[in-house]
Structure formats: C-alpha cells, structure tokens
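K.L.:
You'll find work-v2.cif just under this line, and it carries mmCIF, N, CA and C atoms.
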data_query
loop_
_atom_site.group_PDB
_atom_site.id
_atom_site.type_symbol
_atom_site.label_atom_id
_atom_site.label_comp_id
_atom_site.auth_asym_id
_atom_site.auth_seq_id
_atom_site.Cartn_x
_atom_site.Cartn_y
_atom_site.Cartn_z
ATOM 1 N N MET J 15 0.844 -1.174 0.000
ATOM 2 C CA MET J 15 0.000 0.000 0.000
ATOM 3 C C MET J 15 0.892 1.241 0.000
ATOM 4 N N THR J 16 0.575 2.170 -0.860
ATOM 5 C CA THR J 16 1.389 3.376 -0.967
ATOM 6 C C THR J 16 1.019 4.384 0.122
ATOM 7 N N GLU J 17 1.883 5.385 0.259
ATOM 8 C CA GLU J 17 1.644 6.425 1.262
ATOM 9 C C GLU J 17 0.347 7.181 0.987
ATOM 10 N N HIS J 18 0.047 7.433 -0.276
ATOM 11 C CA HIS J 18 -1.176 8.177 -0.595
ATOM 12 C C HIS J 18 -2.421 7.389 -0.208
ATOM 13 N N LEU J 19 -2.409 6.101 -0.450
ATOM 14 C CA LEU J 19 -3.551 5.282 -0.067
ATOM 15 C C LEU J 19 -3.665 5.207 1.452
ATOM 16 N N GLN J 20 -2.536 5.095 2.140
ATOM 17 C CA GLN J 20 -2.552 5.100 3.607
ATOM 18 C C GLN J 20 -3.108 6.418 4.139
ATOM 19 N N LEU J 21 -2.666 7.524 3.557
ATOM 20 C CA LEU J 21 -3.176 8.830 3.983
ATOM 21 C C LEU J 21 -4.669 8.959 3.698
ATOM 22 N N SER J 22 -5.101 8.460 2.558
ATOM 23 C CA SER J 22 -6.516 8.509 2.222
ATOM 24 C C SER J 22 -7.341 7.767 3.267
ATOM 25 N N LYS J 23 -6.867 6.607 3.659
ATOM 26 C CA LYS J 23 -7.563 5.827 4.689
ATOM 27 C C LYS J 23 -7.521 6.534 6.039
ATOM 28 N N ALA J 24 -6.403 7.168 6.352
ATOM 29 C CA ALA J 24 -6.284 7.904 7.620
ATOM 30 C C ALA J 24 -7.265 9.077 7.652
ATOM 31 N N TYR J 25 -7.364 9.803 6.550
ATOM 32 C CA TYR J 25 -8.317 10.912 6.486
ATOM 33 C C TYR J 25 -9.752 10.400 6.591
ATOM 34 N N LEU J 26 -10.030 9.270 5.979
ATOM 35 C CA LEU J 26 -11.359 8.673 6.088
ATOM 36 C C LEU J 26 -11.662 8.320 7.540
ATOM 37 N N TYR J 27 -10.687 7.740 8.226
ATOM 38 C CA TYR J 27 -10.846 7.391 9.644
ATOM 39 C C TYR J 27 -11.161 8.642 10.465
ATOM 40 N N LEU J 28 -10.414 9.719 10.211
ATOM 41 C CA LEU J 28 -10.651 10.970 10.935
ATOM 42 C C LEU J 28 -12.038 11.530 10.624
ATOM 43 N N ALA J 29 -12.467 11.414 9.375
ATOM 44 C CA ALA J 29 -13.806 11.878 8.996
ATOM 45 C C ALA J 29 -14.879 11.092 9.740
ATOM 46 N N LYS J 30 -14.686 9.788 9.839
ATOM 47 C CA LYS J 30 -15.651 8.929 10.531
ATOM 48 C C LYS J 30 -15.761 9.265 12.010
ATOM 49 N N ASN J 31 -14.646 9.644 12.602
ATOM 50 C CA ASN J 31 -14.596 9.799 14.053
ATOM 51 C C ASN J 31 -14.732 11.231 14.541
ATOM 52 N N SER J 32 -14.973 12.146 13.653
ATOM 53 C CA SER J 32 -15.183 13.533 14.066
ATOM 54 C C SER J 32 -16.662 13.756 14.355
ATOM 55 N N SER J 33 -16.935 14.523 15.382
ATOM 56 C CA SER J 33 -18.327 14.844 15.707
ATOM 57 C C SER J 33 -18.778 16.144 15.036
ATOM 58 N N ASP J 34 -17.867 16.796 14.332
ATOM 59 C CA ASP J 34 -18.165 18.056 13.648
ATOM 60 C C ASP J 34 -18.289 17.793 12.148
ATOM 61 N N ALA J 35 -19.427 18.136 11.587
ATOM 62 C CA ALA J 35 -19.686 17.848 10.168
ATOM 63 C C ALA J 35 -18.692 18.546 9.246
ATOM 64 N N VAL J 36 -18.330 19.787 9.549
ATOM 65 C CA VAL J 36 -17.395 20.516 8.683
ATOM 66 C C VAL J 36 -16.027 19.848 8.695
ATOM 67 N N ILE J 37 -15.590 19.416 9.868
ATOM 68 C CA ILE J 37 -14.303 18.721 9.978
ATOM 69 C C ILE J 37 -14.369 17.405 9.207
ATOM 70 N N SER J 38 -15.443 16.655 9.379
ATOM 71 C CA SER J 38 -15.601 15.384 8.656
ATOM 72 C C SER J 38 -15.568 15.601 7.152
ATOM 73 N N LEU J 39 -16.286 16.585 6.682
ATOM 74 C CA LEU J 39 -16.325 16.865 5.247
ATOM 75 C C LEU J 39 -14.959 17.308 4.736
ATOM 76 N N SER J 40 -14.246 18.089 5.528
ATOM 77 C CA SER J 40 -12.894 18.517 5.136
ATOM 78 C C SER J 40 -11.958 17.326 5.015
ATOM 79 N N PHE J 41 -12.049 16.403 5.964
ATOM 80 C CA PHE J 41 -11.217 15.206 5.890
ATOM 81 C C PHE J 41 -11.607 14.333 4.698
ATOM 82 N N LEU J 42 -12.876 14.309 4.351
ATOM 83 C CA LEU J 42 -13.297 13.552 3.167
ATOM 84 C C LEU J 42 -12.707 14.150 1.892
ATOM 85 N N LEU J 43 -12.664 15.473 1.816
ATOM 86 C CA LEU J 43 -12.026 16.109 0.656
ATOM 87 C C LEU J 43 -10.562 15.705 0.566
ATOM 88 N N LYS J 44 -9.872 15.725 1.698
ATOM 89 C CA LYS J 44 -8.458 15.331 1.717
ATOM 90 C C LYS J 44 -8.305 13.865 1.319
ATOM 91 N N SER J 45 -9.226 13.029 1.731
ATOM 92 C CA SER J 45 -9.172 11.615 1.373
ATOM 93 C C SER J 45 -9.267 11.442 -0.140
ATOM 94 N N ILE J 46 -10.197 12.152 -0.768
ATOM 95 C CA ILE J 46 -10.347 12.099 -2.228
ATOM 96 C C ILE J 46 -9.085 12.623 -2.910
ATOM 97 N N GLU J 47 -8.516 13.692 -2.381
ATOM 98 C CA GLU J 47 -7.297 14.255 -2.973
ATOM 99 C C GLU J 47 -6.144 13.255 -2.918
ATOM 100 N N GLU J 48 -6.021 12.543 -1.815
ATOM 101 C CA GLU J 48 -4.971 11.520 -1.713
ATOM 102 C C GLU J 48 -5.237 10.365 -2.668
ATOM 103 N N LEU J 49 -6.509 10.024 -2.873
ATOM 104 C CA LEU J 49 -6.837 8.985 -3.857
ATOM 105 C C LEU J 49 -6.424 9.422 -5.255
ATOM 106 N N ALA J 50 -6.624 10.691 -5.554
ATOM 107 C CA ALA J 50 -6.205 11.207 -6.865
ATOM 108 C C ALA J 50 -4.695 11.096 -7.018
ATOM 109 N N LEU J 51 -3.950 11.470 -5.989
ATOM 110 C CA LEU J 51 -2.490 11.359 -6.044
ATOM 111 C C LEU J 51 -2.065 9.901 -6.192
ATOM 112 N N GLU J 52 -2.803 9.005 -5.549
ATOM 113 C CA GLU J 52 -2.539 7.564 -5.683
ATOM 114 C C GLU J 52 -2.726 7.132 -7.135
ATOM 115 N N LYS J 53 -3.850 7.525 -7.723
ATOM 116 C CA LYS J 53 -4.137 7.140 -9.106
ATOM 117 C C LYS J 53 -3.144 7.763 -10.085
ATOM 118 N N MET J 54 -2.667 8.972 -9.758
ATOM 119 C CA MET J 54 -1.696 9.652 -10.607
ATOM 120 C C MET J 54 -0.306 9.042 -10.461
ATOM 121 N N GLN J 55 -0.144 8.217 -9.445
ATOM 122 C CA GLN J 55 1.159 7.630 -9.102
ATOM 123 C C GLN J 55 2.193 8.728 -8.888
ATOM 124 N N ASN J 56 1.768 9.739 -8.140
ATOM 125 C CA ASN J 56 2.628 10.883 -7.850
ATOM 126 C C ASN J 56 3.406 10.614 -6.566
ATOM 127 N N ASN J 57 4.712 10.467 -6.688
ATOM 128 C CA ASN J 57 5.551 10.177 -5.530
ATOM 129 C C ASN J 57 6.401 11.359 -5.099
ATOM 130 N N SER J 58 6.255 12.458 -5.792
ATOM 131 C CA SER J 58 7.015 13.651 -5.413
ATOM 132 C C SER J 58 6.081 14.847 -5.426
ATOM 133 N N TYR J 59 6.459 15.863 -4.707
ATOM 134 C CA TYR J 59 5.626 17.055 -4.620
ATOM 135 C C TYR J 59 6.352 18.222 -5.264
ATOM 136 N N SER J 60 5.646 18.943 -6.116
ATOM 137 C CA SER J 60 6.214 20.137 -6.740
ATOM 138 C C SER J 60 5.211 21.279 -6.596
ATOM 139 N N SER J 61 5.583 22.433 -7.057
ATOM 140 C CA SER J 61 4.723 23.608 -6.905
ATOM 141 C C SER J 61 3.389 23.473 -7.638
ATOM 142 N N ASP J 62 3.335 22.668 -8.673
ATOM 143 C CA ASP J 62 2.074 22.525 -9.406
ATOM 144 C C ASP J 62 1.365 21.188 -9.157
ATOM 145 N N THR J 63 1.770 20.467 -8.119
ATOM 146 C CA THR J 63 1.126 19.189 -7.802
ATOM 147 C C THR J 63 -0.358 19.375 -7.519
ATOM 148 N N THR J 64 -0.697 20.408 -6.759
ATOM 149 C CA THR J 64 -2.102 20.640 -6.428
ATOM 150 C C THR J 64 -2.923 20.910 -7.683
ATOM 151 N N ASN J 65 -2.392 21.700 -8.585
ATOM 152 C CA ASN J 65 -3.117 21.974 -9.837
ATOM 153 C C ASN J 65 -3.308 20.705 -10.657
ATOM 154 N N LYS J 66 -2.272 19.894 -10.746
ATOM 155 C CA LYS J 66 -2.373 18.629 -11.492
ATOM 156 C C LYS J 66 -3.379 17.694 -10.831
ATOM 157 N N MET J 67 -3.359 17.654 -9.492
ATOM 158 C CA MET J 67 -4.281 16.796 -8.763
ATOM 159 C C MET J 67 -5.723 17.237 -9.003
ATOM 160 N N MET J 68 -5.981 18.539 -8.935
ATOM 161 C CA MET J 68 -7.339 19.031 -9.160
ATOM 162 C C MET J 68 -7.787 18.773 -10.599
ATOM 163 N N GLU J 69 -6.885 18.901 -11.533
ATOM 164 C CA GLU J 69 -7.204 18.590 -12.927
ATOM 165 C C GLU J 69 -7.540 17.107 -13.071
ATOM 166 N N TYR J 70 -6.778 16.258 -12.386
ATOM 167 C CA TYR J 70 -7.041 14.824 -12.432
ATOM 168 C C TYR J 70 -8.433 14.523 -11.862
ATOM 169 N N ILE J 71 -8.760 15.155 -10.741
ATOM 170 C CA ILE J 71 -10.076 14.941 -10.133
ATOM 171 C C ILE J 71 -11.176 15.383 -11.093
ATOM 172 N N ARG J 72 -11.029 16.546 -11.696
ATOM 173 C CA ARG J 72 -12.045 17.044 -12.640
ATOM 174 C C ARG J 72 -12.215 16.113 -13.836
ATOM 175 N N ASN J 73 -11.147 15.469 -14.256
ATOM 176 C CA ASN J 73 -11.197 14.593 -15.430
ATOM 177 C C ASN J 73 -11.545 13.146 -15.102
ATOM 178 N N SER J 74 -11.672 12.835 -13.830
ATOM 179 C CA SER J 74 -12.030 11.483 -13.406
ATOM 180 C C SER J 74 -13.490 11.493 -12.947
ATOM 181 N N PRO J 75 -14.401 10.934 -13.742
ATOM 182 C CA PRO J 75 -15.820 11.013 -13.392
ATOM 183 C C PRO J 75 -16.149 10.510 -11.986
ATOM 184 N N SER J 76 -15.569 9.400 -11.582
ATOM 185 C CA SER J 76 -15.917 8.853 -10.269
ATOM 186 C C SER J 76 -15.367 9.705 -9.129
ATOM 187 N N LEU J 77 -14.122 10.157 -9.251
ATOM 188 C CA LEU J 77 -13.553 11.015 -8.205
ATOM 189 C C LEU J 77 -14.277 12.358 -8.157
ATOM 190 N N TYR J 78 -14.525 12.926 -9.320
ATOM 191 C CA TYR J 78 -15.170 14.236 -9.369
ATOM 192 C C TYR J 78 -16.578 14.180 -8.786
ATOM 193 N N LYS J 79 -17.281 13.110 -9.067
ATOM 194 C CA LYS J 79 -18.643 12.949 -8.549
ATOM 195 C C LYS J 79 -18.639 13.007 -7.024
ATOM 196 N N GLU J 80 -17.739 12.262 -6.394
ATOM 197 C CA GLU J 80 -17.673 12.251 -4.928
ATOM 198 C C GLU J 80 -17.174 13.585 -4.387
ATOM 199 N N TYR J 81 -16.174 14.153 -5.033
ATOM 200 C CA TYR J 81 -15.616 15.435 -4.597
ATOM 201 C C TYR J 81 -16.697 16.520 -4.645
ATOM 202 N N ARG J 82 -17.447 16.539 -5.725
ATOM 203 C CA ARG J 82 -18.524 17.528 -5.889
ATOM 204 C C ARG J 82 -19.619 17.329 -4.846
ATOM 205 N N LYS J 83 -19.970 16.073 -4.565
ATOM 206 C CA LYS J 83 -20.979 15.792 -3.541
ATOM 207 C C LYS J 83 -20.547 16.343 -2.185
ATOM 208 N N ILE J 84 -19.270 16.162 -1.868
ATOM 209 C CA ILE J 84 -18.753 16.640 -0.583
ATOM 210 C C ILE J 84 -18.803 18.169 -0.533
ATOM 211 N N LEU J 85 -18.368 18.822 -1.606
ATOM 212 C CA LEU J 85 -18.423 20.288 -1.646
ATOM 213 C C LEU J 85 -19.865 20.792 -1.545
ATOM 214 N N ASN J 86 -20.780 20.141 -2.241
ATOM 215 C CA ASN J 86 -22.194 20.517 -2.167
ATOM 216 C C ASN J 86 -22.742 20.330 -0.759
ATOM 217 N N GLU J 87 -22.342 19.240 -0.130
ATOM 218 C CA GLU J 87 -22.809 18.967 1.231
ATOM 219 C C GLU J 87 -22.251 19.992 2.216
ATOM 220 N N MET J 88 -21.011 20.413 1.999
ATOM 221 C CA MET J 88 -20.427 21.468 2.840
ATOM 222 C C MET J 88 -21.247 22.748 2.732
ATOM 223 N N THR J 89 -21.567 23.122 1.510
ATOM 224 C CA THR J 89 -22.369 24.328 1.288
ATOM 225 C C THR J 89 -23.742 24.180 1.926
ATOM 226 N N ASN J 90 -24.368 23.035 1.725
ATOM 227 C CA ASN J 90 -25.671 22.760 2.308
ATOM 228 C C ASN J 90 -25.617 22.869 3.829
ATOM 229 N N TYR J 91 -24.581 22.304 4.419
ATOM 230 C CA TYR J 91 -24.459 22.342 5.879
ATOM 231 C C TYR J 91 -24.284 23.778 6.372
ATOM 232 N N LEU J 92 -23.450 24.541 5.696
ATOM 233 C CA LEU J 92 -23.216 25.923 6.119
ATOM 234 C C LEU J 92 -24.465 26.790 5.957
ATOM 235 N N LEU J 93 -25.266 26.512 4.932
ATOM 236 C CA LEU J 93 -26.475 27.303 4.701
ATOM 237 C C LEU J 93 -27.662 26.849 5.542
ATOM 238 N N ASN J 94 -27.802 25.533 5.722
ATOM 239 C CA ASN J 94 -29.001 24.985 6.363
ATOM 240 C C ASN J 94 -28.762 24.334 7.717
ATOM 241 N N GLY J 95 -27.519 24.049 8.036
ATOM 242 C CA GLY J 95 -27.218 23.454 9.335
ATOM 243 C C GLY J 95 -27.465 21.961 9.438
ATOM 244 N N ASN J 96 -27.795 21.313 8.331
ATOM 245 C CA ASN J 96 -27.965 19.858 8.377
ATOM 246 C C ASN J 96 -27.091 19.211 7.311
ATOM 247 N N SER J 97 -26.696 17.974 7.601
ATOM 248 C CA SER J 97 -25.765 17.299 6.697
ATOM 249 C C SER J 97 -25.977 15.799 6.754
ATOM 250 N N ASN J 98 -25.636 15.132 5.653
ATOM 251 C CA ASN J 98 -25.687 13.679 5.588
ATOM 252 C C ASN J 98 -24.264 13.160 5.377
ATOM 253 N N VAL J 99 -23.417 13.402 6.360
ATOM 254 C CA VAL J 99 -22.004 13.045 6.260
ATOM 255 C C VAL J 99 -21.821 11.538 6.165
ATOM 256 N N LYS J 100 -22.629 10.777 6.894
ATOM 257 C CA LYS J 100 -22.448 9.324 6.924
ATOM 258 C C LYS J 100 -22.519 8.712 5.530
ATOM 259 N N GLU J 101 -23.474 9.135 4.734
ATOM 260 C CA GLU J 101 -23.603 8.602 3.368
ATOM 261 C C GLU J 101 -22.349 8.900 2.542
ATOM 262 N N LEU J 102 -21.821 10.099 2.682
ATOM 263 C CA LEU J 102 -20.613 10.470 1.941
ATOM 264 C C LEU J 102 -19.409 9.660 2.412
ATOM 265 N N ILE J 103 -19.315 9.451 3.713
ATOM 266 C CA ILE J 103 -18.234 8.625 4.265
ATOM 267 C C ILE J 103 -18.323 7.219 3.687
ATOM 268 N N ASP J 104 -19.533 6.670 3.655
ATOM 269 C CA ASP J 104 -19.730 5.324 3.094
ATOM 270 C C ASP J 104 -19.314 5.270 1.624
ATOM 271 N N ASN J 105 -19.650 6.305 0.854
ATOM 272 C CA ASN J 105 -19.280 6.341 -0.567
ATOM 273 C C ASN J 105 -17.770 6.362 -0.757
ATOM 274 N N VAL J 106 -17.075 7.192 0.018
ATOM 275 C CA VAL J 106 -15.617 7.272 -0.098
ATOM 276 C C VAL J 106 -14.993 5.954 0.344
ATOM 277 N N GLU J 107 -15.534 5.363 1.396
ATOM 278 C CA GLU J 107 -15.010 4.081 1.871
ATOM 279 C C GLU J 107 -15.163 2.996 0.800
ATOM 280 N N LYS J 108 -16.303 2.954 0.139
ATOM 281 C CA LYS J 108 -16.518 1.988 -0.946
ATOM 282 C C LYS J 108 -15.531 2.218 -2.089
ATOM 283 N N TYR J 109 -15.286 3.479 -2.404
ATOM 284 C CA TYR J 109 -14.344 3.798 -3.476
ATOM 285 C C TYR J 109 -12.944 3.325 -3.116
ATOM 286 N N ILE J 110 -12.536 3.550 -1.876
ATOM 287 C CA ILE J 110 -11.219 3.089 -1.421
ATOM 288 C C ILE J 110 -11.134 1.571 -1.520
ATOM 289 N N LEU J 111 -12.200 0.888 -1.152
ATOM 290 C CA LEU J 111 -12.207 -0.578 -1.243
ATOM 291 C C LEU J 111 -12.056 -1.054 -2.682
ATOM 292 N N THR J 112 -12.670 -0.357 -3.635
ATOM 293 C CA THR J 112 -12.517 -0.770 -5.032
ATOM 294 C C THR J 112 -11.077 -0.598 -5.497
ATOM 295 N N ILE J 113 -10.414 0.429 -5.005
ATOM 296 C CA ILE J 113 -9.014 0.647 -5.379
ATOM 297 C C ILE J 113 -8.118 -0.419 -4.763
ATOM 298 N N THR J 114 -8.345 -0.739 -3.509
ATOM 299 C CA THR J 114 -7.477 -1.706 -2.831
ATOM 300 C C THR J 114 -7.725 -3.131 -3.302
ATOM 301 N N ASN J 115 -8.898 -3.397 -3.872
ATOM 302 C CA ASN J 115 -9.191 -4.741 -4.377
ATOM 303 C C ASN J 115 -8.699 -4.956 -5.797
ATOM 304 N N ASN J 116 -8.256 -3.892 -6.465
ATOM 305 C CA ASN J 116 -7.759 -4.023 -7.846
ATOM 306 C C ASN J 116 -6.273 -4.200 -7.860
#
Kindly return the structure encoded in the file as structure tokens.

P.N.:
Amino acid sequence: MTEHLQLSKAYLYLAKNSSDAVISLSFLLKSIEELALEKMQNNSYSSDTTNKMMEYIRNSPSLYKEYRKILNEMTNYLLNGNSNVKELIDNVEKYILTITNN
C-alpha cells in the first residue's frame, strides 16, 4: 500500500470519528485528494502538484462525482445546518475498497 492510499484511509478514519460535520467533510475532501495522487502515481511534490491533482479529479468522473458531492454537502451544511455526512463517508469508503481490491 502506498503512502497516498494510507493517507486517504487515515483521512477517512478521521472523517468517521469527528463529531463536527465541517471537519468530517474537510477530511473527506483530503481523502479524495490523496486517492487522486494515488491514481496519478505521484511520488514527489512540486509547486504545481495541487493543480495537477485538481485537474485529475475534474477529469475522473468517479472522483469528481464524490468530490462535488462533498463540496455541495459542505455548502448545504453551512447554509441549512444539516448534513448527511455518513452517506458520503460510506461512498468514499466503498471507493477506497474498489481501489485496494484491484
């Protein structure tokens, strides 16, 4: 298992165990970002790594779908005060499982 996949799982764990929805959602975003770096097979960091990672997420339908859901849920939570973090956590966890099983 690579460092990016380990970090993705660690962020997922933190998202699951936070009692604050904003913190959980933030950790879910980081988890998706680490999954993108894993898929990119990026082992070094440069000044444009973040831009490349975001481009990869935008061009990956499955990653982008989850990333967008998390961002939408963050906005929804900030505007309305309610959130369905558990469903998003489950989705990211399933995605991680598909990566680790391949």

K.L.:
Separation of atom CA of Glu80 of chain J and atom C of His18 of chain J, in Å?

P.N.:
16.7 Å

K.L.:
Considering all atoms listed in the file, state which residue in the set J:Leu19, J:Leu93, J:Met68, J:Leu28 is at the smallest distance from Leu42 of chain J.

P.N.:
J:Leu28

K.L.:
Could you list, as number ranges by chain, every residue within 8 Å of Ala50 of chain J, counting all atoms listed in the file and ignoring same-chain residues fewer than 2 positions away?

P.N.:
J: 18, 44-48, 52-56, 66-68, 70-71, 77

K.L.:
Tell me which of J:Lys108, J:Glu17, J:Val36, J:Ser22 sits closest to Tyr91 of chain J, counting all atoms listed in the file.

P.N.:
J:Val36

K.L.:
Give the answer as one residue: which of J:Ser60, J:Arg72, J:Tyr78, J:Tyr27 has the shortest atom-to-atom distance to Glu107 of chain J, using only C-alpha atoms?

P.N.:
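Between J:Ser60, J:Arg72, J:Tyr78, J:Tyr27, the residue approaching Glu107 of chain J most closely is J:Tyr27.
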
K.L.:
I need the residues of chain J that end up classed as alpha helix (DSSP H) by DSSP on the backbone, written out as number ranges by chain.

P.N.:
J: 17-31, 35-54, 63-73, 75-94, 99-115

K.L.:
One number please: atom CA of Glu87 of chain J to atom CA of Ile113 of chain J, in Å, one decimal.

P.N.:
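Distance reported for this atom pair: 23.9 Å.
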
K.L.:
As an exercise, work out the distance from atom CA of Leu49 of chain J to atom CA of Gly95 of chain J in Å and give it to one decimal place.

P.N.:
28.3 Å

K.L.:
Please determine an axis-aligned box that encloses all atoms of segment 23-41 of chain J listed in the file, with 3 Å added on each side, and express its centre and edge lengths in Å to one decimal as AutoDock Vina command-line options.

P.N.:
--center_x -13.0 --center_y 13.2 --center_z 9.7 --size_x 19.4 --size_y 20.7 --size_z 18.0

K.L.:
Which residues, written as a ChimeraX atom specification, have at least one atom at most 8 Å from Ile110 of chain J, with all atoms listed in the file counted and residues fewer than 5 positions away on the same chain left out?

P.N.:
/J:22-23,49,104-105,115-116

K.L.:
As a check of understanding, name the residues that the PyMOL selection byres (((chain J and resi 30 and name CA) around 10) and name CA) selects in the supplied structure, as a VMD selection string.

P.N.:
chain J and resid 24 to 29 31 to 35 37 to 39 41 to 42 99 to 100 103 to 104 107

K.L.:
For the selection you just gave me, I'd like the residues written to a file as a compact mmCIF listing (two decimals), in the coordinates of the input, keeping N, CA and C atoms.

P.N.:
# COMPACT_ATOMS: atom_id res chain seq x y z
N ALA J 24 -6.40 7.17 6.35
CA ALA J 24 -6.28 7.90 7.62
C ALA J 24 -7.26 9.08 7.65
N TYR J 25 -7.36 9.80 6.55
CA TYR J 25 -8.32 10.91 6.49
C TYR J 25 -9.75 10.40 6.59
N LEU J 26 -10.03 9.27 5.98
CA LEU J 26 -11.36 8.67 6.09
C LEU J 26 -11.66 8.32 7.54
N TYR J 27 -10.69 7.74 8.23
CA TYR J 27 -10.85 7.39 9.64
C TYR J 27 -11.16 8.64 10.46
N LEU J 28 -10.41 9.72 10.21
CA LEU J 28 -10.65 10.97 10.94
C LEU J 28 -12.04 11.53 10.62
N ALA J 29 -12.47 11.41 9.38
CA ALA J 29 -13.81 11.88 9.00
C ALA J 29 -14.88 11.09 9.74
N ASN J 31 -14.65 9.64 12.60
CA ASN J 31 -14.60 9.80 14.05
C ASN J 31 -14.73 11.23 14.54
N SER J 32 -14.97 12.15 13.65
CA SER J 32 -15.18 13.53 14.07
C SER J 32 -16.66 13.76 14.36
N SER J 33 -16.93 14.52 15.38
CA SER J 33 -18.33 14.84 15.71
C SER J 33 -18.78 16.14 15.04
N ASP J 34 -17.87 16.80 14.33
CA ASP J 34 -18.16 18.06 13.65
C ASP J 34 -18.29 17.79 12.15
N ALA J 35 -19.43 18.14 11.59
CA ALA J 35 -19.69 17.85 10.17
C ALA J 35 -18.69 18.55 9.25
N ILE J 37 -15.59 19.42 9.87
CA ILE J 37 -14.30 18.72 9.98
C ILE J 37 -14.37 17.40 9.21
N SER J 38 -15.44 16.66 9.38
CA SER J 38 -15.60 15.38 8.66
C SER J 38 -15.57 15.60 7.15
N LEU J 39 -16.29 16.58 6.68
CA LEU J 39 -16.32 16.86 5.25
C LEU J 39 -14.96 17.31 4.74
N PHE J 41 -12.05 16.40 5.96
CA PHE J 41 -11.22 15.21 5.89
C PHE J 41 -11.61 14.33 4.70
N LEU J 42 -12.88 14.31 4.35
CA LEU J 42 -13.30 13.55 3.17
C LEU J 42 -12.71 14.15 1.89
N VAL J 99 -23.42 13.40 6.36
CA VAL J 99 -22.00 13.04 6.26
C VAL J 99 -21.82 11.54 6.16
N LYS J 100 -22.63 10.78 6.89
CA LYS J 100 -22.45 9.32 6.92
C LYS J 100 -22.52 8.71 5.53
N ILE J 103 -19.32 9.45 3.71
CA ILE J 103 -18.23 8.62 4.26
C ILE J 103 -18.32 7.22 3.69
N ASP J 104 -19.53 6.67 3.66
CA ASP J 104 -19.73 5.32 3.09
C ASP J 104 -19.31 5.27 1.62
N GLU J 107 -15.53 5.36 1.40
CA GLU J 107 -15.01 4.08 1.87
C GLU J 107 -15.16 3.00 0.80
